[in-house]
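Undergrad: Structure: data-v6.csv, CSV, C-alpha atoms.
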```csv
chain,number,residue,atom,x,y,z
A,1,MET,CA,88.4,35.8,283.8
A,2,THR,CA,91.4,37.7,282.6
A,3,GLY,CA,94.8,38.0,284.2
A,4,ARG,CA,95.5,41.1,286.3
A,5,GLY,CA,96.6,44.1,284.3
A,6,THR,CA,95.5,42.7,280.9
A,7,SER,CA,92.5,43.5,278.6
A,8,ALA,CA,89.8,40.9,277.9
A,9,GLY,CA,90.9,38.4,275.3
A,10,GLU,CA,94.6,39.0,275.8
A,11,PRO,CA,96.8,36.4,277.6
A,12,ALA,CA,98.4,37.5,280.9
A,13,ALA,CA,102.1,38.0,280.7
A,14,HIS,CA,104.1,35.1,282.1
A,15,PRO,CA,105.4,35.9,285.7
A,16,LYS,CA,109.0,35.3,284.5
A,17,SER,CA,108.5,37.8,281.7
A,18,ARG,CA,107.0,40.4,284.0
A,19,GLY,CA,109.9,39.9,286.4
A,20,ALA,CA,112.5,40.3,283.6
A,21,ALA,CA,110.9,43.5,282.5
A,22,ARG,CA,110.8,44.9,286.0
A,23,ARG,CA,114.4,44.0,286.7
A,24,ALA,CA,115.5,45.6,283.4
A,25,MET,CA,113.6,48.8,284.2
A,26,ARG,CA,115.2,49.1,287.7
A,27,ARG,CA,118.9,48.6,286.7
A,28,GLY,CA,118.9,49.5,283.0
A,29,PRO,CA,118.1,46.9,280.3
A,30,THR,CA,120.6,44.7,278.7
A,31,ILE,CA,120.6,42.5,275.7
A,32,ASP,CA,120.2,39.5,278.0
A,33,ASP,CA,117.0,41.0,279.4
A,34,VAL,CA,115.6,41.4,275.9
A,35,ALA,CA,116.5,37.8,275.0
A,36,GLU,CA,114.9,36.5,278.2
A,37,LEU,CA,111.7,38.5,277.7
A,38,ALA,CA,111.5,37.6,274.0
A,39,GLY,CA,112.2,33.9,274.6
A,40,VAL,CA,115.1,33.8,272.1
A,41,SER,CA,118.8,33.5,272.3
A,42,ARG,CA,121.2,36.3,272.8
A,43,GLY,CA,122.6,35.7,269.3
A,44,THR,CA,119.1,36.2,267.8
A,45,VAL,CA,118.8,39.6,269.5
A,46,SER,CA,122.2,40.6,268.3
A,47,ARG,CA,121.2,39.7,264.7
A,48,VAL,CA,118.1,41.8,265.0
A,49,LEU,CA,120.2,44.8,266.2
A,50,ASN,CA,122.5,44.4,263.3
A,51,GLY,CA,119.8,44.4,260.6
A,52,GLY,CA,117.6,41.4,261.2
A,53,HIS,CA,119.3,39.1,258.8
A,54,TYR,CA,118.5,35.4,259.2
A,55,VAL,CA,115.8,36.1,261.8
A,56,SER,CA,112.3,34.7,261.5
A,57,ALA,CA,109.4,37.2,261.4
A,58,PRO,CA,107.9,35.9,264.8
A,59,SER,CA,111.3,36.2,266.5
A,60,LEU,CA,111.9,39.6,265.0
A,61,GLU,CA,108.5,40.8,266.3
A,62,ALA,CA,109.2,39.3,269.7
A,63,VAL,CA,112.5,41.0,270.0
A,64,ARG,CA,111.1,44.4,269.0
A,65,LYS,CA,108.3,44.1,271.6
A,66,ALA,CA,110.8,43.1,274.3
A,67,MET,CA,113.0,46.1,273.5
A,68,ALA,CA,110.0,48.3,273.9
A,69,ALA,CA,108.9,46.7,277.1
A,70,THR,CA,112.3,46.9,278.7
A,71,GLY,CA,113.3,50.3,277.2
A,72,TYR,CA,116.4,48.8,275.7
A,73,THR,CA,118.3,51.0,273.3
A,74,VAL,CA,121.5,50.2,271.3
A,75,ASN,CA,124.7,51.3,272.9
A,76,GLN,CA,126.1,53.1,269.9
A,77,SER,CA,129.6,53.3,271.2
A,78,ALA,CA,129.8,49.6,271.8
A,79,ARG,CA,128.3,48.9,268.4
A,80,SER,CA,130.9,51.2,266.8
A,81,LEU,CA,133.7,49.2,268.3
A,82,VAL,CA,132.4,46.1,266.5
A,83,THR,CA,131.2,47.5,263.2
A,84,LYS,CA,133.8,50.3,262.9
A,85,ARG,CA,131.0,52.7,262.0
A,86,SER,CA,129.6,55.7,263.7
A,87,ASN,CA,126.1,55.3,262.3
A,88,ALA,CA,126.1,59.0,261.5
A,89,ILE,CA,126.3,61.1,258.4
A,90,GLY,CA,127.6,64.7,258.1
A,91,PHE,CA,125.5,67.3,256.3
A,92,VAL,CA,128.0,70.1,255.5
A,93,LEU,CA,126.4,73.4,254.4
A,94,SER,CA,129.0,75.8,252.9
A,95,GLU,CA,127.0,78.9,253.9
A,96,PRO,CA,126.7,81.2,257.0
A,97,GLN,CA,124.2,80.2,259.6
A,98,GLU,CA,121.6,82.8,258.5
A,99,ARG,CA,121.5,81.3,255.0
A,100,LEU,CA,120.1,78.1,256.4
A,101,PHE,CA,117.0,79.9,257.4
A,102,GLU,CA,116.8,82.3,254.5
A,103,ASP,CA,116.9,79.9,251.6
A,104,PRO,CA,114.1,77.3,251.7
A,105,ASN,CA,116.0,74.9,249.5
A,106,PHE,CA,118.4,74.1,252.4
A,107,SER,CA,115.6,73.3,254.8
A,108,VAL,CA,114.0,71.0,252.2
A,109,LEU,CA,117.3,69.2,251.6
A,110,LEU,CA,118.0,68.9,255.4
A,111,ARG,CA,114.6,67.6,256.2
A,112,SER,CA,114.5,65.1,253.3
A,113,CYS,CA,118.0,63.8,254.1
A,114,THR,CA,117.1,63.4,257.8
A,115,GLN,CA,114.0,61.5,256.9
A,116,ALA,CA,115.8,59.2,254.5
A,117,LEU,CA,118.5,58.4,257.0
A,118,ALA,CA,116.0,57.9,259.8
A,119,GLU,CA,114.5,55.0,257.8
A,120,GLN,CA,118.0,53.4,258.0
A,121,ASP,CA,118.3,54.2,261.7
A,122,ILE,CA,121.2,56.6,260.9
A,123,SER,CA,121.7,60.0,262.5
A,124,LEU,CA,122.5,63.2,260.6
A,125,VAL,CA,125.0,65.8,262.0
A,126,LEU,CA,124.6,69.4,260.7
A,127,MET,CA,127.9,71.3,260.1
A,128,LEU,CA,128.2,74.8,258.7
A,129,GLU,CA,131.2,76.0,256.8
A,130,SER,CA,131.6,79.8,256.3
A,131,SER,CA,135.2,80.4,257.4
A,132,ASP,CA,138.6,78.7,257.3
A,133,ALA,CA,138.3,77.9,261.0
A,134,GLU,CA,135.0,76.2,260.5
A,135,ARG,CA,136.4,74.2,257.6
A,136,ASP,CA,139.3,73.1,259.7
A,137,ARG,CA,137.0,72.0,262.5
A,138,ILE,CA,134.9,70.0,260.0
A,139,LEU,CA,137.9,68.3,258.5
A,140,ARG,CA,139.1,67.3,262.0
A,141,TYR,CA,135.7,65.9,262.9
A,142,VAL,CA,135.4,64.0,259.6
A,143,ARG,CA,139.0,62.6,259.7
A,144,GLY,CA,138.4,61.5,263.3
A,145,GLU,CA,135.8,59.0,262.0
A,146,HIS,CA,132.9,60.6,263.9
A,147,VAL,CA,130.8,60.2,260.7
A,148,ASP,CA,130.7,57.4,258.1
A,149,GLY,CA,130.2,59.8,255.2
A,150,VAL,CA,129.5,63.4,254.2
A,151,LEU,CA,126.9,65.2,252.2
A,152,LEU,CA,128.4,68.4,250.7
A,153,ILE,CA,125.8,71.2,250.1
A,154,SER,CA,126.2,74.5,248.3
A,155,SER,CA,129.9,74.3,247.4
A,156,HIS,CA,131.5,77.5,246.1
A,157,LEU,CA,134.2,78.0,243.5
A,158,GLY,CA,137.6,78.2,245.2
A,159,ASP,CA,136.5,76.4,248.4
A,160,PRO,CA,139.1,73.6,249.0
A,161,LEU,CA,136.7,71.5,251.1
A,162,ILE,CA,135.6,69.1,248.3
A,163,ALA,CA,139.2,68.3,247.4
A,164,GLU,CA,140.2,67.9,251.1
A,165,ILE,CA,137.3,65.6,251.8
A,166,ALA,CA,138.1,63.5,248.8
A,167,GLU,CA,141.8,63.2,249.9
A,168,SER,CA,140.6,62.1,253.4
A,169,GLY,CA,139.1,59.0,251.9
A,170,VAL,CA,135.8,59.5,253.7
A,171,PRO,CA,132.9,58.6,251.4
A,172,ALA,CA,131.1,61.7,250.2
A,173,VAL,CA,128.6,63.0,247.7
A,174,VAL,CA,128.1,66.5,246.4
A,175,CYS,CA,124.8,68.3,245.8
A,176,GLY,CA,125.1,69.9,242.4
A,177,LYS,CA,127.8,69.5,239.8
A,178,PRO,CA,131.2,70.4,241.3
A,179,LEU,CA,132.6,73.6,240.0
A,180,ALA,CA,136.3,72.8,239.9
A,181,PRO,CA,137.6,70.6,237.0
A,182,GLY,CA,139.1,67.4,238.3
A,183,ASP,CA,136.8,67.0,241.3
A,184,VAL,CA,136.4,63.3,241.7
A,185,LEU,CA,133.5,63.0,244.1
A,186,PRO,CA,130.2,61.7,242.8
A,187,TYR,CA,127.3,64.2,242.7
A,188,VAL,CA,123.5,64.4,242.4
A,189,ALA,CA,121.9,67.3,240.7
A,190,ALA,CA,118.9,68.6,238.9
A,191,ASP,CA,119.6,69.1,235.2
A,192,ASP,CA,120.6,72.8,235.7
A,193,ARG,CA,121.7,73.5,232.2
A,194,GLU,CA,118.5,72.0,230.6
A,195,GLY,CA,116.4,73.8,233.2
A,196,ALA,CA,117.9,77.1,232.2
A,197,ARG,CA,117.3,76.3,228.5
A,198,GLN,CA,113.7,75.6,229.3
A,199,MET,CA,113.2,79.0,231.0
A,200,THR,CA,115.1,80.9,228.3
A,201,ARG,CA,113.3,79.2,225.5
A,202,TYR,CA,110.0,80.0,227.2
A,203,LEU,CA,110.8,83.7,227.4
A,204,VAL,CA,111.9,83.8,223.8
A,205,GLU,CA,108.8,82.0,222.6
A,206,ASN,CA,106.7,84.6,224.4
A,207,GLY,CA,108.2,87.3,222.3
A,208,HIS,CA,110.8,88.8,224.6
A,209,GLN,CA,113.8,90.3,222.7
A,210,ARG,CA,116.1,91.6,225.4
A,211,ILE,CA,116.4,88.9,228.1
A,212,GLY,CA,118.8,89.6,231.0
A,213,MET,CA,120.1,87.1,233.5
A,214,ILE,CA,121.1,87.3,237.1
A,215,SER,CA,123.7,84.5,237.4
A,216,ALA,CA,125.7,82.9,240.2
A,217,PRO,CA,128.5,81.1,238.4
A,218,GLN,CA,130.6,80.6,241.6
A,219,ILE,CA,127.9,78.5,243.3
A,220,ALA,CA,127.1,74.8,242.5
A,221,GLY,CA,124.6,74.7,239.7
A,222,GLY,CA,125.2,78.4,238.8
A,223,GLN,CA,127.6,77.8,235.9
A,224,GLU,CA,125.3,75.3,234.3
A,225,ARG,CA,122.4,77.7,234.5
A,226,LEU,CA,124.4,80.5,232.9
A,227,GLN,CA,125.5,78.1,230.1
A,228,GLY,CA,121.9,77.0,229.5
A,229,TYR,CA,120.9,80.7,229.1
A,230,GLN,CA,123.8,81.2,226.6
A,231,ASP,CA,122.9,78.0,224.7
A,232,VAL,CA,119.5,79.4,223.8
A,233,LEU,CA,120.5,83.1,223.1
A,234,GLY,CA,123.9,82.5,221.5
A,235,ARG,CA,125.3,85.9,220.4
A,236,LYS,CA,122.3,87.7,221.9
A,237,ALA,CA,123.5,86.9,225.4
A,238,PHE,CA,125.3,90.3,225.6
A,239,LYS,CA,127.6,90.8,228.5
A,240,ARG,CA,125.7,93.9,229.6
A,241,LEU,CA,122.6,91.7,229.9
A,242,VAL,CA,124.3,89.4,232.5
A,243,VAL,CA,125.0,90.4,236.1
A,244,SER,CA,126.8,87.9,238.4
A,245,VAL,CA,126.3,87.6,242.1
A,246,THR,CA,128.1,85.6,244.8
A,247,ASP,CA,125.1,84.1,246.7
A,248,TYR,CA,121.5,83.2,246.1
A,249,SER,CA,119.9,85.9,248.3
A,250,GLN,CA,117.1,88.3,247.9
A,251,GLU,CA,119.3,91.3,248.5
A,252,ALA,CA,121.8,90.1,245.8
A,253,GLY,CA,118.9,89.8,243.4
A,254,ARG,CA,117.7,93.3,244.2
A,255,GLN,CA,121.1,94.8,243.6
A,256,ALA,CA,121.7,92.8,240.4
A,257,MET,CA,118.3,94.0,239.0
A,258,ALA,CA,119.3,97.6,239.7
A,259,LYS,CA,122.5,97.1,237.7
A,260,LEU,CA,120.6,95.5,234.8
A,261,LEU,CA,118.1,98.3,234.6
A,262,LYS,CA,121.0,100.8,234.6
A,263,ALA,CA,123.0,99.0,231.9
A,264,SER,CA,120.0,97.9,229.8
A,265,PRO,CA,116.9,100.0,230.6
A,266,ASP,CA,115.1,98.6,227.6
A,267,LEU,CA,115.3,94.9,228.7
A,268,ASP,CA,111.9,93.2,228.6
A,269,ALA,CA,112.6,90.0,230.6
A,270,VAL,CA,115.0,88.6,233.2
A,271,PHE,CA,115.9,85.1,234.2
A,272,ALA,CA,117.3,84.8,237.7
A,273,ALA,CA,119.3,81.7,238.7
A,274,SER,CA,117.2,81.1,241.9
A,275,ASP,CA,113.8,82.0,243.2
A,276,LEU,CA,115.4,84.2,246.0
A,277,LEU,CA,117.3,86.2,243.3
A,278,ALA,CA,114.1,86.5,241.3
A,279,SER,CA,112.1,87.7,244.3
A,280,GLY,CA,114.8,90.4,244.9
A,281,ALA,CA,114.5,91.4,241.2
A,282,LEU,CA,110.7,91.8,241.7
A,283,MET,CA,111.3,94.2,244.6
A,284,GLU,CA,113.7,96.3,242.5
A,285,LEU,CA,111.4,96.4,239.5
A,286,ARG,CA,108.5,97.5,241.7
A,287,ARG,CA,110.7,100.2,243.2
A,288,ALA,CA,111.7,101.4,239.7
A,289,GLY,CA,108.0,101.5,238.6
A,290,ARG,CA,108.3,98.7,236.1
A,291,SER,CA,105.2,96.5,235.7
A,292,VAL,CA,105.6,92.6,235.9
A,293,PRO,CA,105.0,90.9,233.6
A,294,ASP,CA,103.6,93.7,231.3
A,295,GLU,CA,106.9,95.6,230.9
A,296,VAL,CA,109.4,93.0,232.3
A,297,ALA,CA,108.8,89.3,232.6
A,298,VAL,CA,110.6,87.5,235.4
A,299,GLY,CA,111.6,83.8,235.7
A,300,GLY,CA,113.3,82.0,238.6
A,301,PHE,CA,114.7,78.6,239.3
A,302,ASP,CA,113.9,76.1,242.1
A,303,ASP,CA,110.1,76.3,242.5
A,304,SER,CA,110.6,76.9,246.2
A,305,ARG,CA,108.1,78.3,248.7
A,306,ILE,CA,109.4,81.8,247.7
A,307,ALA,CA,108.1,81.3,244.1
A,308,ARG,CA,104.6,80.7,245.3
A,309,GLU,CA,104.6,83.5,247.8
A,310,SER,CA,106.1,86.2,245.6
A,311,ASP,CA,103.9,89.0,244.2
A,312,PRO,CA,103.2,88.1,241.5
A,313,PRO,CA,103.9,84.4,241.9
A,314,LEU,CA,107.0,83.4,240.0
A,315,THR,CA,107.2,81.5,236.7
A,316,THR,CA,110.2,79.2,237.6
A,317,ILE,CA,112.0,75.9,237.0
A,318,ARG,CA,111.1,73.1,239.4
A,319,GLN,CA,114.0,71.0,240.6
A,320,PRO,CA,113.0,67.8,242.5
A,321,LEU,CA,114.8,68.6,245.8
A,322,GLU,CA,113.2,65.8,247.8
A,323,LEU,CA,114.4,63.3,245.2
A,324,VAL,CA,117.8,64.9,245.0
A,325,ALA,CA,118.1,64.3,248.8
A,326,ARG,CA,117.1,60.7,248.6
A,327,GLU,CA,119.4,60.0,245.6
A,328,MET,CA,122.2,61.6,247.6
A,329,ILE,CA,121.6,59.3,250.5
A,330,ASP,CA,121.4,56.3,248.2
A,331,VAL,CA,124.7,57.1,246.5
A,332,LEU,CA,126.4,57.8,249.8
A,333,LEU,CA,125.3,54.6,251.5
A,334,ARG,CA,126.4,52.6,248.5
A,335,ARG,CA,129.8,54.4,248.7
A,336,ILE,CA,130.1,53.6,252.3
A,337,ASP,CA,129.5,49.9,251.4
A,338,GLY,CA,132.3,50.1,248.9
A,339,ALA,CA,130.4,50.7,245.6
A,340,ASP,CA,131.8,52.9,242.9
A,341,GLU,CA,129.0,55.4,242.1
A,342,GLY,CA,128.9,58.0,239.4
A,343,PRO,CA,126.8,61.2,239.0
A,344,ARG,CA,123.0,61.2,238.9
A,345,ILE,CA,121.2,63.9,237.0
A,346,LEU,CA,117.5,64.5,237.6
A,347,PRO,CA,115.0,66.2,235.2
A,348,THR,CA,113.6,69.7,235.7
A,349,GLU,CA,110.1,71.1,234.8
A,350,LEU,CA,108.9,74.6,233.7
A,351,VAL,CA,106.2,75.9,236.0
A,352,VAL,CA,104.3,78.9,234.6
A,353,ARG,CA,102.8,81.4,236.9
A,354,ALA,CA,101.9,85.2,236.8
A,355,SER,CA,105.4,86.8,236.6
A,356,GLY,CA,106.1,85.8,233.0
```
Show the structure stored in the file as structure tokens.

TA:
Amino acid sequence: MTGRGTSAGEPAAHPKSRGAARRAMRRGPTIDDVAELAGVSRGTVSRVLNGGHYVSAPSLEAVRKAMAATGYTVNQSARSLVTKRSNAIGFVLSEPQERLFEDPNFSVLLRSCTQALAEQDISLVLMLESSDAERDRILRYVRGEHVDGVLLISSHLGDPLIAEIAESGVPAVVCGKPLAPGDVLPYVAADDREGARQMTRYLVENGHQRIGMISAPQIAGGQERLQGYQDVLGRKAFKRLVVSVTDYSQEAGRQAMAKLLKASPDLDAVFAASDLLASGALMELRRAGRSVPDEVAVGGFDDSRIARESDPPLTTIRQPLELVAREMIDVLLRRIDGADEGPRILPTELVVRASG
């Protein structure tokens, strides 16, 4: 015969345990309720809440079950008073709000960073910086110790945010190689320069003679991609074959492609510094009646969803964004713990599809 409310083969809960759980649910669970229900000391529960160090596996499991049974959650404000940490990380995207939804790279980074932090029971706070007022608000928030560290995404040349975050002393890591000389924060990036070399070499080896580029030298990674293009072509990287834009957007790519066609109507290939720019270039080439890849080959950079969905699908450079995100989190958490971390550069890969 089984105890009331239990399944066959499972022992009935001790009346004392059932009473502790009921009391906790009525008035709001406390750490003492968890300790009583788990049959361990208050100190053991505290050690579990602070990482589980020096706690046996059976006790750890008992505490976790007791927390679930009572509905106990950590009072983050109280924990912060003890640990001096907020248990939150800031994700600062230096772009207008609409760019978060237009560029699939940002959503990949945001999702991957959120997942990596969730494994550490750390929250992520999204902050957008597209104006001086927003930058000031972010700096006040960061300096107010509301986050333990900052992830800086899509930094632009001339934006003082990186320097101001560095001066604040708050641990931070940059996505992509910082653009301004002297920036002291560590960064994690794909090997943008070598990726650009891979794409440009591929176009040259396929017989293309006049290779244009849509570059974005004022955005993180953009300078490196332009330099990689120039490394391969050398003196053949004529100025009229390069058009620079200020953002990685489809419309910027379309406008840049129109300028390239006007300046160099005989070009036979174009390398765009992002898949979004490349997709805009495809739109303009179609409007101009130029066949891809028969008349003009097109290469992108990212291997984002855009590359697979373009018509034709884009030949592009794959950068491992999920790994970039995880490496950024690893660097940042080490910085928060006091480690001195340097840059991490991750390899890229050429992905050949129908556009070139």

Undergrad: Give me the residues within 6 Å of stretch 147-155 of chain A as a list in words, counting all atoms listed in the file and dropping any in the same chain fewer than 3 places off.

TA: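 My list of contacting residues is Ser86, Ala88, Ile89, Gly90, Phe91, Val92, Leu93, Ser94, Val170, Pro171, Ala172, Val173, Val174, Cys175 and Ala220 of chain A.
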
Undergrad: Could you give me, as number ranges by chain, the residues within 6 Å of stretch 328-342 of chain A, counting all atoms listed in the file and dropping anything in the same chain fewer than 2 positions from it?

TA: A: 171, 186, 325-326

Undergrad: Write out as a ChimeraX atom specification each polymer residue whose atoms come within 12 Å of A:Phe238, counting all atoms listed in the file; drop sequence neighbours fewer than 5 positions from it.

TA: /A:209-213,229-230,233,243,260,263-264,267

Undergrad: Near A:Ser130, counting all atoms listed in the file, which residues have an atom at most 12 Å away, once you skip same-chain residues fewer than 6 positions from it, shown as a list in words?

TA: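 In the requested format, the answer is Val92, Leu93, Ser94, Glu95, Pro96, Gln97, Glu98, Arg99, Leu100, Asp136, Arg137, Ile138, Ser154, Ser155, His156, Asp159 and Leu161 of chain A.
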
Undergrad: Please report the interatomic distance between atom CA of A:Gln115 and atom CA of A:Lys177 in Å with one decimal.

TA: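 Interatomic distance here is 23.4 Å.
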
Undergrad: For A:Arg287, please output as a PyMOL selection string all residues within 12 Å (counting only C-alpha atoms; exclusion window: fewer than 4 positions along the same chain).

TA: chain A and resi 254-255+257-258+261+280-283+291-292

Undergrad: Here's a test: counting only C-alpha atoms, identify every protein, DNA and RNA residue with an atom at most 6 Å from (120.6, 85.3, 244.4) in the file's coordinate frame, and state them as a list of chain:residue names.

TA: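 With a cut-off of 6 Å, the residues come to A:Asp247, A:Tyr248, A:Ser249, A:Gln250, A:Ala252, A:Gly253, A:Ser274, A:Leu276, A:Leu277.
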
Undergrad: Taking the point (109.8, 82.6, 247.7) as given in the file, collect each protein or nucleic acid residue that comes within 12 Å of it, counting only C-alpha atoms, and present the set as a PyMOL selection string.

TA: chain A and resi 102-105+248-250+274-282+300-316

Undergrad: Using Å and a single decimal, report how far atom CA of A:Tyr141 sits from atom CA of A:Glu129.

TA: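 The value is 12.6 Å.
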
Undergrad: What separation in Å, quoted to one decimal, exists between atom CA of A:Leu179 and atom CA of A:Gln218?

TA: 7.5 Å

Undergrad: Quick one: of A:Thr30, A:Leu285, A:Arg290, A:Met67, who's nearest to A:Val48, counting all atoms listed in the file?

TA: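 That would be A:Met67, the residue with the smallest distance to A:Val48.
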
Undergrad: Calculated over all atoms listed in the file, which of the candidates A:Ile122, A:Ala62, A:Leu321, A:Leu350 has the smallest distance to A:Met199?

TA: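 Closest candidate: A:Leu350.
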
Undergrad: Restricting the calculation to all atoms listed in the file: of A:Gly43, A:Gly234, A:Gly28, A:Pro293, which residue gets closest to A:Leu203?

TA: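 Under the stated criterion, the closest residue is A:Pro293.
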
Undergrad: Which of these residues is nearest to A:His208, using only C-alpha atoms: A:Glu134, A:Glu295, A:Asp268, A:Glu167?

TA: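 Looking only at the distances to A:His208, the closest residue turns out to be A:Asp268.
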
Undergrad: Nearest to A:Leu157 among A:Ala118, A:Ala216, A:Cys113, A:Leu124, with distances taken over only C-alpha atoms: which residue is it?

TA: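 Among A:Ala118, A:Ala216, A:Cys113, A:Leu124, it is A:Ala216 that comes nearest to A:Leu157.
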